[in-house]
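J.: Mind having a look at this structure? Questions to follow.
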Amino acid sequence: MGEKVAAGGSDLSDRQIYRQKLRQCVDALRRLLDEQRFDRPRAVLGLELELNLVGEDGQPAMRNEEVLRAIASSDFQTELARFNIEVNIAPHRLGGRVFEELREEVDTALRYADRKAREAGAGIMMVGTLPTLTQAHAGLHNISADNRYTMLSEQILAARGEDIALDIQGVERLRLDRASIVAEAACTSLQLHLQVTPELFPAVWNAAQALAGPQLALGANSPFLFGKELWRETRPILFEQACDTRPTELKAQGVRPITWFGERWIDSVLDLYEENLAYFPSLLPICDEEDPDRVLDVGGIPALRELRLHNGTIYRWNRPVYDVAGGVPHLRVENRVLPAGPTVADILANAAFYYGAVRSLAEQSRPVWTRLPFELAAENFHTAARYGLDAELWWPAPNRIPGMRGKPGRSTGRSGLRRVPAARLIAEELLPLARRGLDAWQVEPADRDHYLGIVEERCRRGANGASWQSAVYHRLRGDGLERDAALAEMTRRYMARMRTGAPVHTWPVSGADRGPMR
């Protein structure tokens with residue numbers, strides 16, 4: 001939900017008062033921007049990683065309270081369901097050997113957490129959607145024991161006025177007439193934060209939106225949900241449906257969903273917060289006592305808690321973040337596109353690709369968002385989610401990029417645009433940009449080459465977490481295993497391979513060797 005809250009239904013403030021307070025917060029943010037009160041330019045990144053809890057039998061383990069007690073670290077927190085937890089990695093300066101520092105830190109944290117989790121009867125699994133999760137697991141009886149999640153569920157249902165329904169057509173079709181918000185807990189993600197100045201925010205956000213399709217094609221790792229094989233990355237469509245506050249009539253009227261790619265490129269971070277205020281009624285209208293105008297008048301920095309809480313209940317794939325650290329406000333772009341896993345090496349390869357490419361795209365003299373219509377960026381996102389590295393994506397025709405190989409892409413009749421296989425677009429056009437971006441961040445060349453080399457190999461082999469899961473599952477079915485048994489066996493092999501740390505493009509599909517269980 002973004003901001004953590006603790007309140008009962010009787011504490012919910014009047015929505016009209018809350019709306020007025022939100023307007024105050026947006027106006028205060030505008031004043032902060034006009035008065036140039038934000039932090040100086042700093043190359044700072046941060047990571048959040050959501051995790052599943054799984055038994056050695058491959059089945060989900062409803063034990064997050066016991067696991068968190070065993071881990072006993074404030075870096076690990078609850079998530080929506082009892083089979084989820086989250087780890088937050090402290091901010092790091094983006095440069096030098098940051099990716100190797102992160103590898104050591106994340107790997108150490110996860111190995112410790114996995115060891116303690118197994119003492120509590122569960123193991124840690126990094127995957128976008130847990131393959132063995134069933135509809136029976138995703139009921140309200142398995143929501144985490146935290147009041148904010150119950151509140152959010154109640155408010156979504158109250159806003160919707162009817163049961164949540166799922167209808168996802170992929171390799172197979174999943175149809176559910178009734179689902180709880182716990183279905184959304186099937187999604188576990190990697191969230192990448194980048195601190196930016198107000199002046200740079202629009203370019204970085206636009207670049208991140210343009211990059212979302214290729215980014216998702218590269219990192220897809222969620223092909224199964226509730227026993228069905230659906231999209232290569234099923235998280236986006238599941239999020240859109242499981243968190244939808246709109247009944248059918250409001251959808252027909254064009255009311256925006258709270259899980260939203262967006263509808264336009266922006267010129268200011270204020271564009272996003274103004275949209276939040278204009279389009280989305282609050283799910284949790286809880287007012288704070290702070291008067292942001294009064295705080296600003298005496299030279300202080302307001303927390304803008306209503307703005308942050310409201311923003312946290314709108315699920316943009318690239319979300320604006322206002323925060324205060326050390327008494328100084330700053331802005332971040334929170335990239336929420338990627339699923340978790342499969343390994344720490346894969347996570348950091350995805351991160352290196354994102355941070356490098358987003359900088360280069362943001363600094364282009366002729367930015368991609370001036371040549372790519374926003375609706376095609378949104379189409380790319382959903383096409384990549386459905387087909388992964390097999391997707392064809394819209395992209396502006398290159399102006400003869402030096403060293404570009406192969407054909408220019410399939411002509412479509414759209415001036416200056418063509419559709420390009422995702423793997424080729426990433427390998428031939430975006431990877432060079434990512435390398436230049438990491439150089440601009442002054443990342444150690446050996447680390448740059450190592451992690452972008454993982455990206456290059458994924459593209460060359462057409463292999464990511466989703467393709468591995470699907471290939472192993474179908475091999476097991478061909479060997480005679482029933483659906484549930486094949487999913488469980490594939491999950492056990494995935495966990496074993498994950499614990500080796502080897503990137504997913506090196507994982508064998510053959511079942512002869514599961515890899516060491518550590």
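Please note that chains go A, B, ... in the order of the structure tokens, that every chain numbers its residues from 1, and that ligands are numbered from 1 in the order shown.
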If we count only C-alpha atoms and set the cut-off at 6 Å, which residues sit around Ala466 (chain A), ignoring sequence neighbours fewer than 6 positions away in its own chain? Please answer as a short mmCIF file (atom, residue, chain, number, x, y, z; two decimals) with N, CA and C atoms, in the first residue's frame.
T.:
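Output (out-v2.cif):
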```cif
data_model
loop_
_atom_site.label_atom_id
_atom_site.label_comp_id
_atom_site.auth_asym_id
_atom_site.auth_seq_id
_atom_site.Cartn_x
_atom_site.Cartn_y
_atom_site.Cartn_z
N ALA A 220 10.33 -11.46 -17.64
CA ALA A 220 9.10 -12.20 -17.37
C ALA A 220 9.38 -13.47 -16.56
N ASN A 221 8.55 -13.70 -15.52
CA ASN A 221 8.80 -14.82 -14.62
C ASN A 221 7.53 -15.25 -13.90
N SER A 222 6.37 -15.12 -14.58
CA SER A 222 5.09 -15.40 -13.92
C SER A 222 4.11 -16.10 -14.86
N PRO A 223 4.45 -17.29 -15.39
CA PRO A 223 3.58 -17.89 -16.40
C PRO A 223 2.40 -18.68 -15.84
N ARG A 232 3.15 -14.89 -20.13
CA ARG A 232 4.53 -15.04 -19.67
C ARG A 232 4.75 -14.25 -18.38
#
```
J.: What lies within 7 Å of Leu417 (chain A) using only C-alpha atoms, ignoring chain neighbours under 4 positions off, as a PyMOL selection string?
T.: chain A and resi 394-397
J.: Distance table requested - region 214-271 of chain A against region 117-132 of chain A, cut-off 10 Å, only C-alpha atoms: one row per qualifying residue with the closest atom pair and its distance in Å to one decimal, ordered by chain and rising residue number, as JSON lines.
T.:
```
{"residue": "A:Gly219", "atom": "CA", "partner": "A:Gly128", "partner_atom": "CA", "distance": 9.7}
{"residue": "A:Ala220", "atom": "CA", "partner": "A:Gly128", "partner_atom": "CA", "distance": 7.9}
{"residue": "A:Asn221", "atom": "CA", "partner": "A:Gly128", "partner_atom": "CA", "distance": 5.3}
{"residue": "A:Ser222", "atom": "CA", "partner": "A:Gly128", "partner_atom": "CA", "distance": 4.7}
{"residue": "A:Pro223", "atom": "CA", "partner": "A:Thr129", "partner_atom": "CA", "distance": 7.5}
{"residue": "A:Phe224", "atom": "CA", "partner": "A:Pro131", "partner_atom": "CA", "distance": 5.2}
{"residue": "A:Leu225", "atom": "CA", "partner": "A:Pro131", "partner_atom": "CA", "distance": 6.1}
{"residue": "A:Phe226", "atom": "CA", "partner": "A:Thr132", "partner_atom": "CA", "distance": 7.1}
{"residue": "A:Gly227", "atom": "CA", "partner": "A:Thr132", "partner_atom": "CA", "distance": 6.7}
{"residue": "A:Lys228", "atom": "CA", "partner": "A:Pro131", "partner_atom": "CA", "distance": 8.7}
{"residue": "A:Glu229", "atom": "CA", "partner": "A:Pro131", "partner_atom": "CA", "distance": 9.1}
{"residue": "A:Glu233", "atom": "CA", "partner": "A:Gly128", "partner_atom": "CA", "distance": 7.6}
{"residue": "A:Thr234", "atom": "CA", "partner": "A:Thr129", "partner_atom": "CA", "distance": 7.6}
{"residue": "A:Arg235", "atom": "CA", "partner": "A:Gly128", "partner_atom": "CA", "distance": 7.0}
{"residue": "A:Leu238", "atom": "CA", "partner": "A:Thr129", "partner_atom": "CA", "distance": 9.9}
```
J.: Write down as an NGL selection string the residues belonging to region 157-246 of chain A that are assigned strand (DSSP E or B) by DSSP computed on the backbone.
T.: :A and (164-169 or 173-179 or 187 or 189-196 or 222 or 224-225 or 228-229 or 233)
J.: Please report, as a list in words, each residue of region 116-152 of chain A to which DSSP assigns helix (DSSP H, G or I) when run on this structure's backbone.
T.: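 The helix (DSSP H, G or I) subset of region 116-152 of chain A is Lys116, Ala117, Arg118, Glu119, Gln135, Ala136, His137, Ala138, Leu140, His141, Asn142, Asn147, Arg148, Tyr149, Thr150, Met151 and Leu152 of chain A.
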J.: Store the residues of this selection in a file with N, CA and C atoms, as a PDB file, in the first residue's frame.
T.:
```
ATOM      1  N   LYS A 116      16.598 -19.234   8.206  1.00  0.00           N
ATOM      2  CA  LYS A 116      15.699 -19.041   9.348  1.00  0.00           C
ATOM      3  C   LYS A 116      14.269 -19.452   8.995  1.00  0.00           C
ATOM      4  N   ALA A 117      13.864 -19.202   7.749  1.00  0.00           N
ATOM      5  CA  ALA A 117      12.520 -19.588   7.326  1.00  0.00           C
ATOM      6  C   ALA A 117      12.355 -21.098   7.382  1.00  0.00           C
ATOM      7  N   ARG A 118      13.393 -21.834   6.968  1.00  0.00           N
ATOM      8  CA  ARG A 118      13.283 -23.299   6.989  1.00  0.00           C
ATOM      9  C   ARG A 118      13.222 -23.825   8.419  1.00  0.00           C
ATOM     10  N   GLU A 119      13.828 -23.112   9.338  1.00  0.00           N
ATOM     11  CA  GLU A 119      13.668 -23.483  10.749  1.00  0.00           C
ATOM     12  C   GLU A 119      12.223 -23.313  11.200  1.00  0.00           C
ATOM     13  N   GLN A 135      -6.644 -21.489  -5.838  1.00  0.00           N
ATOM     14  CA  GLN A 135      -7.709 -20.579  -5.422  1.00  0.00           C
ATOM     15  C   GLN A 135      -8.003 -20.728  -3.934  1.00  0.00           C
ATOM     16  N   ALA A 136      -7.891 -21.939  -3.409  1.00  0.00           N
ATOM     17  CA  ALA A 136      -8.158 -22.170  -1.995  1.00  0.00           C
ATOM     18  C   ALA A 136      -7.165 -21.431  -1.102  1.00  0.00           C
ATOM     19  N   HIS A 137      -5.939 -21.237  -1.591  1.00  0.00           N
ATOM     20  CA  HIS A 137      -4.936 -20.521  -0.806  1.00  0.00           C
ATOM     21  C   HIS A 137      -5.226 -19.019  -0.756  1.00  0.00           C
ATOM     22  N   ALA A 138      -5.967 -18.501  -1.738  1.00  0.00           N
ATOM     23  CA  ALA A 138      -6.097 -17.062  -1.938  1.00  0.00           C
ATOM     24  C   ALA A 138      -7.389 -16.509  -1.352  1.00  0.00           C
ATOM     25  N   LEU A 140      -9.680 -14.896   2.025  1.00  0.00           N
ATOM     26  CA  LEU A 140      -9.436 -13.907   3.075  1.00  0.00           C
ATOM     27  C   LEU A 140      -8.896 -14.526   4.356  1.00  0.00           C
ATOM     28  N   HIS A 141      -9.077 -15.833   4.537  1.00  0.00           N
ATOM     29  CA  HIS A 141      -8.529 -16.481   5.734  1.00  0.00           C
ATOM     30  C   HIS A 141      -7.007 -16.478   5.723  1.00  0.00           C
ATOM     31  N   ASN A 142      -6.407 -16.215   4.563  1.00  0.00           N
ATOM     32  CA  ASN A 142      -4.948 -16.178   4.476  1.00  0.00           C
ATOM     33  C   ASN A 142      -4.403 -14.768   4.289  1.00  0.00           C
ATOM     34  N   ASN A 147      -3.983  -4.843  10.134  1.00  0.00           N
ATOM     35  CA  ASN A 147      -5.257  -4.185   9.914  1.00  0.00           C
ATOM     36  C   ASN A 147      -5.338  -3.450   8.583  1.00  0.00           C
ATOM     37  N   ARG A 148      -4.197  -2.940   8.096  1.00  0.00           N
ATOM     38  CA  ARG A 148      -4.235  -2.154   6.859  1.00  0.00           C
ATOM     39  C   ARG A 148      -4.679  -2.991   5.675  1.00  0.00           C
ATOM     40  N   TYR A 149      -4.326  -4.293   5.664  1.00  0.00           N
ATOM     41  CA  TYR A 149      -4.707  -5.137   4.524  1.00  0.00           C
ATOM     42  C   TYR A 149      -6.203  -5.429   4.551  1.00  0.00           C
ATOM     43  N   THR A 150      -6.737  -5.686   5.734  1.00  0.00           N
ATOM     44  CA  THR A 150      -8.178  -5.901   5.845  1.00  0.00           C
ATOM     45  C   THR A 150      -8.935  -4.649   5.429  1.00  0.00           C
ATOM     46  N   MET A 151      -8.442  -3.482   5.875  1.00  0.00           N
ATOM     47  CA  MET A 151      -9.073  -2.218   5.486  1.00  0.00           C
ATOM     48  C   MET A 151      -9.071  -2.033   3.979  1.00  0.00           C
ATOM     49  N   LEU A 152      -7.935  -2.305   3.369  1.00  0.00           N
ATOM     50  CA  LEU A 152      -7.831  -2.120   1.923  1.00  0.00           C
ATOM     51  C   LEU A 152      -8.797  -3.042   1.191  1.00  0.00           C
TER      52      LEU A 152
END
```
J.: Using only C-alpha atoms, pick whichever of A:Leu49, A:Val295, A:Val472, A:Leu431 has the shortest atom-to-atom distance to Gln24 (chain A).
T.: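 That would be A:Val295, the residue with the smallest distance to Gln24 (chain A).
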J.: Do you know which residues are at most 8 Å from Leu22 (chain A) counting only C-alpha atoms, after dropping those on the same chain fewer than 2 positions away, and could you put them as a PDB file with N, CA, C and O atoms, in the first residue's frame?
T.:
```pdb
ATOM      1  N   TYR A  18     -11.178  15.007   3.379  1.00  0.00           N
ATOM      2  CA  TYR A  18      -9.939  14.383   2.908  1.00  0.00           C
ATOM      3  C   TYR A  18      -9.553  14.927   1.538  1.00  0.00           C
ATOM      4  O   TYR A  18      -8.380  15.193   1.262  1.00  0.00           O
ATOM      5  N   ARG A  19     -10.529  15.097   0.661  1.00  0.00           N
ATOM      6  CA  ARG A  19     -10.243  15.629  -0.671  1.00  0.00           C
ATOM      7  C   ARG A  19      -9.657  17.035  -0.574  1.00  0.00           C
ATOM      8  O   ARG A  19      -8.720  17.392  -1.299  1.00  0.00           O
ATOM      9  N   GLN A  20     -10.201  17.838   0.342  1.00  0.00           N
ATOM     10  CA  GLN A  20      -9.659  19.176   0.545  1.00  0.00           C
ATOM     11  C   GLN A  20      -8.230  19.121   1.057  1.00  0.00           C
ATOM     12  O   GLN A  20      -7.370  19.918   0.639  1.00  0.00           O
ATOM     13  N   GLN A  24      -4.693  20.531  -0.562  1.00  0.00           N
ATOM     14  CA  GLN A  24      -3.671  21.278   0.171  1.00  0.00           C
ATOM     15  C   GLN A  24      -2.292  20.675  -0.033  1.00  0.00           C
ATOM     16  O   GLN A  24      -1.299  21.391  -0.204  1.00  0.00           O
ATOM     17  N   CYS A  25      -2.228  19.351   0.015  1.00  0.00           N
ATOM     18  CA  CYS A  25      -0.941  18.670  -0.143  1.00  0.00           C
ATOM     19  C   CYS A  25      -0.356  18.898  -1.536  1.00  0.00           C
ATOM     20  O   CYS A  25       0.845  19.149  -1.682  1.00  0.00           O
ATOM     21  N   VAL A  26      -1.191  18.813  -2.559  1.00  0.00           N
ATOM     22  CA  VAL A  26      -0.702  19.029  -3.923  1.00  0.00           C
ATOM     23  C   VAL A  26      -0.236  20.472  -4.082  1.00  0.00           C
ATOM     24  O   VAL A  26       0.814  20.744  -4.702  1.00  0.00           O
ATOM     25  N   LEU A 277      -5.380  13.103  -7.828  1.00  0.00           N
ATOM     26  CA  LEU A 277      -6.435  13.856  -7.162  1.00  0.00           C
ATOM     27  C   LEU A 277      -7.701  13.909  -8.002  1.00  0.00           C
ATOM     28  O   LEU A 277      -8.813  13.748  -7.486  1.00  0.00           O
ATOM     29  N   GLU A 306      -1.202  12.586   3.599  1.00  0.00           N
ATOM     30  CA  GLU A 306      -2.376  12.237   2.802  1.00  0.00           C
ATOM     31  C   GLU A 306      -1.988  11.999   1.341  1.00  0.00           C
ATOM     32  O   GLU A 306      -2.443  11.036   0.712  1.00  0.00           O
ATOM     33  N   LEU A 307      -1.143  12.862   0.812  1.00  0.00           N
ATOM     34  CA  LEU A 307      -0.693  12.701  -0.570  1.00  0.00           C
ATOM     35  C   LEU A 307       0.044  11.382  -0.732  1.00  0.00           C
ATOM     36  O   LEU A 307      -0.148  10.657  -1.710  1.00  0.00           O
TER      37      LEU A 307
END
```
J.: Skipping near chain neighbours, those fewer than 6 positions away, what residues fall within 9 Å of Arg178 (chain A) using only C-alpha atoms, listed as a list in words?
T.: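 Skipping anything fewer than 6 positions along the chain leaves Asp163, Ile164, Ala165 and Leu166 of chain A.
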J.: Go ahead and dump the residues you just picked, N, CA, C and O atoms, as an mmCIF file, in the first residue's frame.
T.:
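The resulting file, again_20.cif, is reproduced below:
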```
data_model
loop_
_atom_site.group_PDB
_atom_site.id
_atom_site.type_symbol
_atom_site.label_atom_id
_atom_site.label_comp_id
_atom_site.auth_asym_id
_atom_site.auth_seq_id
_atom_site.Cartn_x
_atom_site.Cartn_y
_atom_site.Cartn_z
ATOM 1 N N ASP A 163 -18.605 -8.533 -6.285
ATOM 2 C CA ASP A 163 -17.453 -9.420 -6.133
ATOM 3 C C ASP A 163 -16.389 -9.141 -7.188
ATOM 4 O O ASP A 163 -16.676 -8.691 -8.306
ATOM 5 N N ILE A 164 -15.140 -9.434 -6.822
ATOM 6 C CA ILE A 164 -14.026 -9.369 -7.759
ATOM 7 C C ILE A 164 -14.086 -10.594 -8.666
ATOM 8 O O ILE A 164 -14.243 -11.723 -8.191
ATOM 9 N N ALA A 165 -13.975 -10.383 -9.963
ATOM 10 C CA ALA A 165 -13.979 -11.479 -10.934
ATOM 11 C C ALA A 165 -12.666 -11.453 -11.715
ATOM 12 O O ALA A 165 -12.095 -10.389 -11.961
ATOM 13 N N LEU A 166 -12.181 -12.628 -12.070
ATOM 14 C CA LEU A 166 -10.980 -12.753 -12.894
ATOM 15 C C LEU A 166 -11.333 -13.467 -14.188
ATOM 16 O O LEU A 166 -12.054 -14.462 -14.175
#
```
J.: What is the distance, in Å and to one decimal place, between CA of Glu104 (chain A) and CA of Leu348 (chain A)?
T.: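 Separation of CA of Glu104 (chain A) and CA of Leu348 (chain A): 10.9 Å.
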J.: What's around Tyr494 (chain A) at 12 Å? Count only C-alpha atoms, leave out sequence neighbours fewer than 5 positions away in its own chain, and write the answer as a VMD selection string.
T.: chain A and resid 54 56 to 58 124 to 127 130 to 132 221 341 to 343 465 to 466 468 to 473 487 to 489 499 to 504 507 to 509 511 513 to 517
J.: Near Arg160 (chain A), counting only C-alpha atoms, which residues have an atom at most 7 Å away, once you skip same-chain residues fewer than 4 positions from it, shown as an MDAnalysis selection string?
T.: chainID A and resid 156 245:247
J.: Would you save the residues of that selection, restricted to N, CA, C and O atoms, as a PDB file, in the first residue's frame?
T.:
```pdb
ATOM      1  N   ILE A 156     -11.838  -1.669  -1.228  1.00  0.00           N
ATOM      2  CA  ILE A 156     -11.928  -2.017  -2.653  1.00  0.00           C
ATOM      3  C   ILE A 156     -13.282  -2.644  -2.956  1.00  0.00           C
ATOM      4  O   ILE A 156     -13.945  -2.298  -3.945  1.00  0.00           O
ATOM      5  N   THR A 245     -11.477  -1.384  -8.716  1.00  0.00           N
ATOM      6  CA  THR A 245     -12.578  -0.862  -7.903  1.00  0.00           C
ATOM      7  C   THR A 245     -13.813  -0.538  -8.733  1.00  0.00           C
ATOM      8  O   THR A 245     -14.822  -0.089  -8.188  1.00  0.00           O
ATOM      9  N   ARG A 246     -13.769  -0.777 -10.051  1.00  0.00           N
ATOM     10  CA  ARG A 246     -14.845  -0.340 -10.927  1.00  0.00           C
ATOM     11  C   ARG A 246     -15.809  -1.477 -11.252  1.00  0.00           C
ATOM     12  O   ARG A 246     -15.386  -2.513 -11.769  1.00  0.00           O
ATOM     13  N   PRO A 247     -17.104  -1.286 -11.037  1.00  0.00           N
ATOM     14  CA  PRO A 247     -18.070  -2.231 -11.604  1.00  0.00           C
ATOM     15  C   PRO A 247     -18.145  -2.061 -13.121  1.00  0.00           C
ATOM     16  O   PRO A 247     -17.563  -1.121 -13.691  1.00  0.00           O
TER      17      PRO A 247
END
```
J.: Would you mind telling me which residue in A:Ala72, A:Ser467, A:Ala207, A:Phe381 lies nearest to Tyr112 (chain A) when using only C-alpha atoms?
T.: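 That would be A:Ala72, the residue with the smallest distance to Tyr112 (chain A).
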J.: Of the candidates A:Gly55, A:Cys287, A:Ala345, A:Ala434, which shows the shortest atom-to-atom distance to Val106 (chain A), using only C-alpha atoms?
T.: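 Ranking A:Gly55, A:Cys287, A:Ala345, A:Ala434 by distance to Val106 (chain A), first place goes to A:Ala345.
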J.: Would you list the contacts of Asn350 (chain A) as a ChimeraX atom specification, taking every protein, DNA or RNA residue within 8 Å and counting only C-alpha atoms, but skipping same-chain residues closer than 4 positions in sequence?
T.: /A:215,218-219,346,354,455
J.: Write the residues of the preceding selection, restricted to N, CA and C atoms, as a tab-separated table (two decimals), in the first residue's frame.
T.:
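That gives us part39.tsv:
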```
chain	number	residue	atom	x	y	z
A	215	GLN	N	11.54	-4.02	-20.79
A	215	GLN	CA	11.95	-4.45	-19.45
A	215	GLN	C	11.16	-5.68	-19.01
A	218	LEU	N	12.03	-8.88	-21.03
A	218	LEU	CA	13.31	-9.43	-20.59
A	218	LEU	C	13.18	-10.21	-19.29
A	219	GLY	N	12.41	-9.69	-18.34
A	219	GLY	CA	12.40	-10.26	-16.99
A	219	GLY	C	11.19	-11.12	-16.66
A	346	ASP	N	20.11	-12.57	-11.53
A	346	ASP	CA	19.11	-12.12	-12.49
A	346	ASP	C	18.49	-10.79	-12.06
A	354	TYR	N	17.99	-1.65	-16.35
A	354	TYR	CA	17.05	-0.55	-16.14
A	354	TYR	C	17.77	0.76	-15.85
A	455	VAL	N	22.02	-10.20	-19.40
A	455	VAL	CA	20.91	-9.74	-20.24
A	455	VAL	C	21.13	-10.18	-21.69
```
J.: Can you measure CA of Cys459 (chain A) to CA of Phe353 (chain A) for me? One decimal in Å is fine.
T.: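 Between CA of Cys459 (chain A) and CA of Phe353 (chain A) the gap is 12.5 Å.
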J.: What's the separation between CA of Ile314 (chain A) and CA of Leu430 (chain A), in Å to one decimal place?
T.: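 Straight-line distance from CA of Ile314 (chain A) to CA of Leu430 (chain A) works out to 29.1 Å.
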J.: Pick out the closest residue to Phe38 (chain A) from this set: A:Gly254, A:Gly170, A:Pro432, A:Pro329. Count only C-alpha atoms.
T.: A:Pro329
